[in-house]
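Trainee: Pasting in a structure now, in structure tokens, and then I'll have a few things to ask.
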Amino acid sequence: MEMETAENQVWKREHVFIGQDFSSKEDCLRFIADKAVKLGLCNDSEVTYEGFLFRESQGPTGLEDGFAIPHTRCNAVVKSGVILVKTKEPVEWESMDDKPVQVMIALIVPNQDGNNEHIRLLASLSRMLIKKDFRESLKASGSEEEIFHILSEVMN
């Protein structure tokens, strides 16, 4: 992927939120949708939230070992982005290992994603999440700055 200008970056330090507290997957997805609007990735949090729910209805985005990659492609998205949320306590989430999720790496992509950016992002994240040391380092980190740097190696 060619180097993007700071303006077009899909992954920025302010896209990391740790120590969050949610009672449900829906609360978490709503939080991500609201943050996506505040960060300038989307222009409508309700449409973005509905996009996440629609994707969840197609099959679980929960992986294994406490990770999920919720994603949406919807008309509210004005530019692609990745938002990472790490919760204080695991959240009930349909996952491959039937365990709750604590780290959500949300992909937000415009509906008319002509260059299939979401597939490239999903593929590189999925490859990294297979690696136990990568998962452990994300789970062990208590710093937004550290998490930003860990994921930056994957995103760039």
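Labels used: A, B, ... for chains in the order of the structure tokens, numbers from 1 for residues in each chain, and numbers from 1 for ligands as shown.
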Give me, as a list in words, all polymer residues having an atom no more than 9 Å from segment 137-143 of chain A, counting only C-alpha atoms and skipping those fewer than 2 positions away in the same chain.
Mentor: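 Once the nearby chain positions are removed, what remains is Ile18, Gly19, Gly66, Lys86, Gln102, Val103, Lys132, Asp133, Phe134, Arg135, Glu145, Glu146, Ile147, Phe148, Ile150 and Leu151 of chain A.
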Trainee: Once you have the residues from the selection above, write them out as a PDB file, in the first residue's frame, restricted to N, CA, C and O atoms.
Mentor:
```pdb
ATOM      1  N   ILE A  18      -8.966   2.905  25.031  1.00  0.00           N
ATOM      2  CA  ILE A  18      -8.815   1.786  25.960  1.00  0.00           C
ATOM      3  C   ILE A  18      -9.542   2.080  27.272  1.00  0.00           C
ATOM      4  O   ILE A  18      -9.895   3.220  27.561  1.00  0.00           O
ATOM      5  N   GLY A  19      -9.776   1.010  28.032  1.00  0.00           N
ATOM      6  CA  GLY A  19     -10.428   1.141  29.329  1.00  0.00           C
ATOM      7  C   GLY A  19     -11.909   1.445  29.237  1.00  0.00           C
ATOM      8  O   GLY A  19     -12.506   1.976  30.160  1.00  0.00           O
ATOM      9  N   GLY A  66     -10.428 -13.433  22.474  1.00  0.00           N
ATOM     10  CA  GLY A  66     -10.842 -12.107  22.924  1.00  0.00           C
ATOM     11  C   GLY A  66     -10.801 -11.008  21.891  1.00  0.00           C
ATOM     12  O   GLY A  66     -10.888  -9.827  22.236  1.00  0.00           O
ATOM     13  N   LYS A  86     -10.457  -1.201  23.356  1.00  0.00           N
ATOM     14  CA  LYS A  86     -10.100  -2.246  24.317  1.00  0.00           C
ATOM     15  C   LYS A  86     -10.910  -1.977  25.576  1.00  0.00           C
ATOM     16  O   LYS A  86     -10.849  -0.891  26.146  1.00  0.00           O
ATOM     17  N   GLN A 102     -12.569  -8.666  24.123  1.00  0.00           N
ATOM     18  CA  GLN A 102     -12.060  -7.514  24.853  1.00  0.00           C
ATOM     19  C   GLN A 102     -11.367  -6.501  23.943  1.00  0.00           C
ATOM     20  O   GLN A 102     -11.234  -5.339  24.300  1.00  0.00           O
ATOM     21  N   VAL A 103     -10.928  -6.935  22.769  1.00  0.00           N
ATOM     22  CA  VAL A 103     -10.275  -6.021  21.826  1.00  0.00           C
ATOM     23  C   VAL A 103     -11.033  -6.069  20.507  1.00  0.00           C
ATOM     24  O   VAL A 103     -11.153  -7.123  19.884  1.00  0.00           O
ATOM     25  N   LYS A 132       0.212 -15.456  18.117  1.00  0.00           N
ATOM     26  CA  LYS A 132      -0.051 -15.357  19.547  1.00  0.00           C
ATOM     27  C   LYS A 132       0.687 -14.167  20.182  1.00  0.00           C
ATOM     28  O   LYS A 132       0.109 -13.449  20.998  1.00  0.00           O
ATOM     29  N   ASP A 133       1.934 -13.932  19.795  1.00  0.00           N
ATOM     30  CA  ASP A 133       2.695 -12.836  20.417  1.00  0.00           C
ATOM     31  C   ASP A 133       2.083 -11.476  20.090  1.00  0.00           C
ATOM     32  O   ASP A 133       2.084 -10.560  20.924  1.00  0.00           O
ATOM     33  N   PHE A 134       1.531 -11.337  18.885  1.00  0.00           N
ATOM     34  CA  PHE A 134       0.866 -10.084  18.497  1.00  0.00           C
ATOM     35  C   PHE A 134      -0.384  -9.878  19.364  1.00  0.00           C
ATOM     36  O   PHE A 134      -0.595  -8.809  19.933  1.00  0.00           O
ATOM     37  N   ARG A 135      -1.212 -10.933  19.501  1.00  0.00           N
ATOM     38  CA  ARG A 135      -2.415 -10.845  20.332  1.00  0.00           C
ATOM     39  C   ARG A 135      -2.047 -10.525  21.776  1.00  0.00           C
ATOM     40  O   ARG A 135      -2.652  -9.665  22.409  1.00  0.00           O
ATOM     41  N   GLU A 145      -0.905   4.821  23.376  1.00  0.00           N
ATOM     42  CA  GLU A 145       0.283   5.083  22.553  1.00  0.00           C
ATOM     43  C   GLU A 145       0.942   3.773  22.109  1.00  0.00           C
ATOM     44  O   GLU A 145       1.267   3.577  20.940  1.00  0.00           O
ATOM     45  N   GLU A 146       1.113   2.852  23.060  1.00  0.00           N
ATOM     46  CA  GLU A 146       1.749   1.564  22.769  1.00  0.00           C
ATOM     47  C   GLU A 146       0.899   0.763  21.783  1.00  0.00           C
ATOM     48  O   GLU A 146       1.421   0.185  20.819  1.00  0.00           O
ATOM     49  N   ILE A 147      -0.413   0.722  22.018  1.00  0.00           N
ATOM     50  CA  ILE A 147      -1.309  -0.001  21.112  1.00  0.00           C
ATOM     51  C   ILE A 147      -1.239   0.612  19.710  1.00  0.00           C
ATOM     52  O   ILE A 147      -1.196  -0.106  18.709  1.00  0.00           O
ATOM     53  N   PHE A 148      -1.196   1.936  19.643  1.00  0.00           N
ATOM     54  CA  PHE A 148      -1.075   2.604  18.343  1.00  0.00           C
ATOM     55  C   PHE A 148       0.161   2.097  17.608  1.00  0.00           C
ATOM     56  O   PHE A 148       0.093   1.745  16.434  1.00  0.00           O
ATOM     57  N   ILE A 150       1.933  -0.724  18.117  1.00  0.00           N
ATOM     58  CA  ILE A 150       1.837  -2.155  17.811  1.00  0.00           C
ATOM     59  C   ILE A 150       1.030  -2.355  16.523  1.00  0.00           C
ATOM     60  O   ILE A 150       1.441  -3.076  15.615  1.00  0.00           O
ATOM     61  N   LEU A 151      -0.122  -1.699  16.437  1.00  0.00           N
ATOM     62  CA  LEU A 151      -0.973  -1.883  15.261  1.00  0.00           C
ATOM     63  C   LEU A 151      -0.429  -1.143  14.034  1.00  0.00           C
ATOM     64  O   LEU A 151      -0.668  -1.569  12.908  1.00  0.00           O
TER      65      LEU A 151
END
```
Trainee: Please identify all polymer residues within 10 Å of Ala106 of chain A, counting only C-alpha atoms, omitting same-chain residues fewer than 4 positions from it, and present them as a list in words.
Mentor: His15, Leu29, Ile32, Ala33, Ala36, Phe52, Thr61, Ala68, Ile69, Pro70, His71, Thr72, Gly81, Val82, Ile83, Leu84, Val85 and Leu122 of chain A
Trainee: Kindly indicate which residue among A:Met104, A:Phe17, A:Glu94, A:Pro110 lies nearest to Cys42 of chain A, using only C-alpha atoms for the distances.
Mentor: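 Smallest distance to Cys42 of chain A is found for A:Pro110.
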Trainee: Could you give me, as JSON, numbers by chain, each residue of chain A that DSSP assigns to strand (DSSP E) when run on this structure's backbone?
Mentor: {"A": [16, 17, 18, 19, 20, 67, 68, 71, 72, 73, 74, 81, 82, 83, 84, 85, 86, 87, 88, 89, 90, 91, 101, 102, 103, 104, 105, 106, 107, 108, 109, 110]}
Trainee: Emit the selected residues as a short mmCIF file (atom, residue, chain, number, x, y, z; two decimals), in the first residue's frame, including N, CA, C and O atoms.
Mentor:
```cif
data_model
loop_
_atom_site.label_atom_id
_atom_site.label_comp_id
_atom_site.auth_asym_id
_atom_site.auth_seq_id
_atom_site.Cartn_x
_atom_site.Cartn_y
_atom_site.Cartn_z
N VAL A 16 -7.54 5.13 18.93
CA VAL A 16 -7.39 4.10 19.96
C VAL A 16 -8.14 4.53 21.22
O VAL A 16 -7.95 5.63 21.71
N PHE A 17 -8.98 3.63 21.72
CA PHE A 17 -9.76 3.89 22.93
C PHE A 17 -9.62 2.70 23.87
O PHE A 17 -10.08 1.60 23.54
N ILE A 18 -8.97 2.91 25.03
CA ILE A 18 -8.82 1.79 25.96
C ILE A 18 -9.54 2.08 27.27
O ILE A 18 -9.90 3.22 27.56
N GLY A 19 -9.78 1.01 28.03
CA GLY A 19 -10.43 1.14 29.33
C GLY A 19 -11.91 1.44 29.24
O GLY A 19 -12.51 1.98 30.16
N GLN A 20 -12.52 1.10 28.11
CA GLN A 20 -13.94 1.36 27.92
C GLN A 20 -14.77 0.31 28.66
O GLN A 20 -14.32 -0.80 28.89
N PHE A 67 -10.70 -11.35 20.61
CA PHE A 67 -10.61 -10.35 19.55
C PHE A 67 -11.82 -10.40 18.61
O PHE A 67 -12.38 -11.46 18.37
N ALA A 68 -12.19 -9.24 18.10
CA ALA A 68 -13.24 -9.15 17.07
C ALA A 68 -12.82 -8.10 16.06
O ALA A 68 -12.11 -7.15 16.38
N HIS A 71 -16.93 -4.72 11.18
CA HIS A 71 -16.68 -3.82 10.05
C HIS A 71 -17.97 -3.42 9.36
O HIS A 71 -18.99 -4.08 9.49
N THR A 72 -17.89 -2.30 8.67
CA THR A 72 -19.03 -1.80 7.93
C THR A 72 -18.58 -1.16 6.64
O THR A 72 -17.50 -0.58 6.56
N ARG A 73 -19.39 -1.34 5.63
CA ARG A 73 -19.29 -0.60 4.36
C ARG A 73 -20.67 0.02 4.19
O ARG A 73 -21.63 -0.69 3.93
N CYS A 74 -20.74 1.34 4.36
CA CYS A 74 -22.06 1.97 4.25
C CYS A 74 -21.93 3.37 3.68
O CYS A 74 -20.84 3.92 3.58
N GLY A 81 -11.26 4.06 7.67
CA GLY A 81 -10.54 4.18 8.93
C GLY A 81 -10.60 2.90 9.73
O GLY A 81 -11.42 2.02 9.48
N VAL A 82 -9.70 2.82 10.71
CA VAL A 82 -9.65 1.71 11.64
C VAL A 82 -9.73 2.31 13.04
O VAL A 82 -9.04 3.29 13.34
N ILE A 83 -10.61 1.77 13.88
CA ILE A 83 -10.74 2.21 15.26
C ILE A 83 -10.54 0.99 16.16
O ILE A 83 -11.16 -0.05 15.93
N LEU A 84 -9.66 1.12 17.15
CA LEU A 84 -9.44 0.03 18.08
C LEU A 84 -10.03 0.41 19.44
O LEU A 84 -9.78 1.50 19.94
N VAL A 85 -10.81 -0.50 19.99
CA VAL A 85 -11.41 -0.32 21.31
C VAL A 85 -10.99 -1.51 22.17
O VAL A 85 -11.13 -2.67 21.75
N LYS A 86 -10.46 -1.20 23.36
CA LYS A 86 -10.10 -2.25 24.32
C LYS A 86 -10.91 -1.98 25.58
O LYS A 86 -10.85 -0.89 26.15
N THR A 87 -11.70 -2.97 25.99
CA THR A 87 -12.60 -2.78 27.13
C THR A 87 -11.93 -3.20 28.44
O THR A 87 -10.98 -3.97 28.44
N LYS A 88 -12.47 -2.66 29.54
CA LYS A 88 -12.00 -3.06 30.87
C LYS A 88 -12.30 -4.53 31.09
O LYS A 88 -11.45 -5.29 31.53
N GLU A 89 -13.53 -4.91 30.81
CA GLU A 89 -13.98 -6.29 30.98
C GLU A 89 -14.45 -6.84 29.64
O GLU A 89 -14.99 -6.10 28.82
N PRO A 90 -14.26 -8.15 29.39
CA PRO A 90 -14.74 -8.73 28.13
C PRO A 90 -16.25 -8.54 27.95
O PRO A 90 -17.00 -8.47 28.92
N VAL A 91 -16.66 -8.43 26.69
CA VAL A 91 -18.06 -8.19 26.31
C VAL A 91 -18.58 -9.44 25.59
O VAL A 91 -17.88 -10.04 24.77
N VAL A 101 -15.30 -10.97 24.09
CA VAL A 101 -14.28 -10.20 23.37
C VAL A 101 -13.86 -9.00 24.20
O VAL A 101 -14.68 -8.38 24.88
N GLN A 102 -12.57 -8.67 24.12
CA GLN A 102 -12.06 -7.51 24.85
C GLN A 102 -11.37 -6.50 23.94
O GLN A 102 -11.23 -5.34 24.30
N VAL A 103 -10.93 -6.94 22.77
CA VAL A 103 -10.28 -6.02 21.83
C VAL A 103 -11.03 -6.07 20.51
O VAL A 103 -11.15 -7.12 19.88
N MET A 104 -11.58 -4.89 20.11
CA MET A 104 -12.32 -4.79 18.87
C MET A 104 -11.53 -3.89 17.93
O MET A 104 -11.20 -2.76 18.29
N ILE A 105 -11.25 -4.40 16.75
CA ILE A 105 -10.55 -3.61 15.73
C ILE A 105 -11.56 -3.40 14.61
O ILE A 105 -11.81 -4.29 13.81
N ALA A 106 -12.17 -2.21 14.60
CA ALA A 106 -13.26 -1.93 13.67
C ALA A 106 -12.73 -1.35 12.37
O ALA A 106 -11.93 -0.42 12.37
N LEU A 107 -13.22 -1.91 11.25
CA LEU A 107 -12.89 -1.40 9.92
C LEU A 107 -14.09 -0.64 9.39
O LEU A 107 -15.21 -1.15 9.40
N ILE A 108 -13.82 0.58 8.94
CA ILE A 108 -14.88 1.46 8.45
C ILE A 108 -14.49 1.87 7.03
O ILE A 108 -13.46 2.51 6.83
N VAL A 109 -15.30 1.45 6.06
CA VAL A 109 -14.94 1.62 4.65
C VAL A 109 -16.13 2.15 3.87
O VAL A 109 -17.26 1.73 4.11
N PRO A 110 -15.89 3.08 2.92
CA PRO A 110 -17.00 3.58 2.10
C PRO A 110 -17.67 2.46 1.31
O PRO A 110 -17.02 1.48 0.93
#
```
Trainee: Determine which residues of chain A DSSP labels as alpha helix (DSSP H) from the backbone of this structure, then write them out as an NGL selection string.
Mentor: :A and (25-38 or 45-57 or 117-129 or 132-140 or 144-155)
Trainee: Do a neighbour search on Glu64 of chain A at 8 Å with only C-alpha atoms, toss out local chain neighbours closer than 5 positions, and write the hits as an mmCIF file with N, CA, C and O atoms, in the first residue's frame.
Mentor:
```
data_model
loop_
_atom_site.group_PDB
_atom_site.id
_atom_site.type_symbol
_atom_site.label_atom_id
_atom_site.label_comp_id
_atom_site.auth_asym_id
_atom_site.auth_seq_id
_atom_site.Cartn_x
_atom_site.Cartn_y
_atom_site.Cartn_z
ATOM 1 N N SER A 95 -18.353 -15.425 18.856
ATOM 2 C CA SER A 95 -16.974 -15.576 18.407
ATOM 3 C C SER A 95 -16.695 -17.027 18.036
ATOM 4 O O SER A 95 -17.461 -17.922 18.391
ATOM 5 N N MET A 96 -15.587 -17.245 17.351
ATOM 6 C CA MET A 96 -15.239 -18.587 16.889
ATOM 7 C C MET A 96 -14.986 -19.545 18.042
ATOM 8 O O MET A 96 -15.186 -20.744 17.905
ATOM 9 N N ASP A 97 -14.509 -19.008 19.182
ATOM 10 C CA ASP A 97 -14.240 -19.886 20.318
ATOM 11 C C ASP A 97 -15.303 -19.753 21.421
ATOM 12 O O ASP A 97 -15.114 -20.253 22.529
ATOM 13 N N LYS A 99 -16.080 -17.371 23.238
ATOM 14 C CA LYS A 99 -15.644 -16.607 24.405
ATOM 15 C C LYS A 99 -15.912 -15.131 24.160
ATOM 16 O O LYS A 99 -15.975 -14.677 23.020
#
```
Trainee: Nearest to Glu136 of chain A among A:Leu121, A:Gln112, A:Asp65, A:Phe54, with distances taken over only C-alpha atoms: which residue is it?
Mentor: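 When distances to Glu136 of chain A are compared using only C-alpha atoms, the smallest one comes from A:Asp65.
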Trainee: Between atom CA of Lys35 of chain A and atom CA of Met155 of chain A, measure the distance and give it in Å to one decimal.
Mentor: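 Result for atom CA of Lys35 of chain A versus atom CA of Met155 of chain A: 19.5 Å, one decimal.
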Trainee: What does the distance between atom CA of Glu92 of chain A and atom CA of Ser23 of chain A come to in Å, to one decimal place?
Mentor: 8.2 Å
Trainee: Counting only C-alpha atoms, figure out which residue out of A:Leu39, A:His149, A:Val154, A:Trp93 gets nearest to Phe22 of chain A.
Mentor: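 Closest residue, counting only C-alpha atoms: A:Trp93.
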Trainee: Take atom CA of Asp21 of chain A and atom CA of Asn75 of chain A and report the distance between them in Å, one decimal.
Mentor: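 Between atom CA of Asp21 of chain A and atom CA of Asn75 of chain A the gap is 28.3 Å.
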Trainee: Restricting the calculation to only C-alpha atoms: of A:Val10, A:Leu53, A:Leu63, A:Val47, which residue gets closest to Cys28 of chain A?
Mentor: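 Comparing A:Val10, A:Leu53, A:Leu63, A:Val47 against Cys28 of chain A, the winner is A:Leu53.
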Trainee: Could you tell me which of A:Glu56, A:Ile119, A:Glu26, A:Glu50 comes closest to Ala76 of chain A if we count only C-alpha atoms?
Mentor: A:Glu50
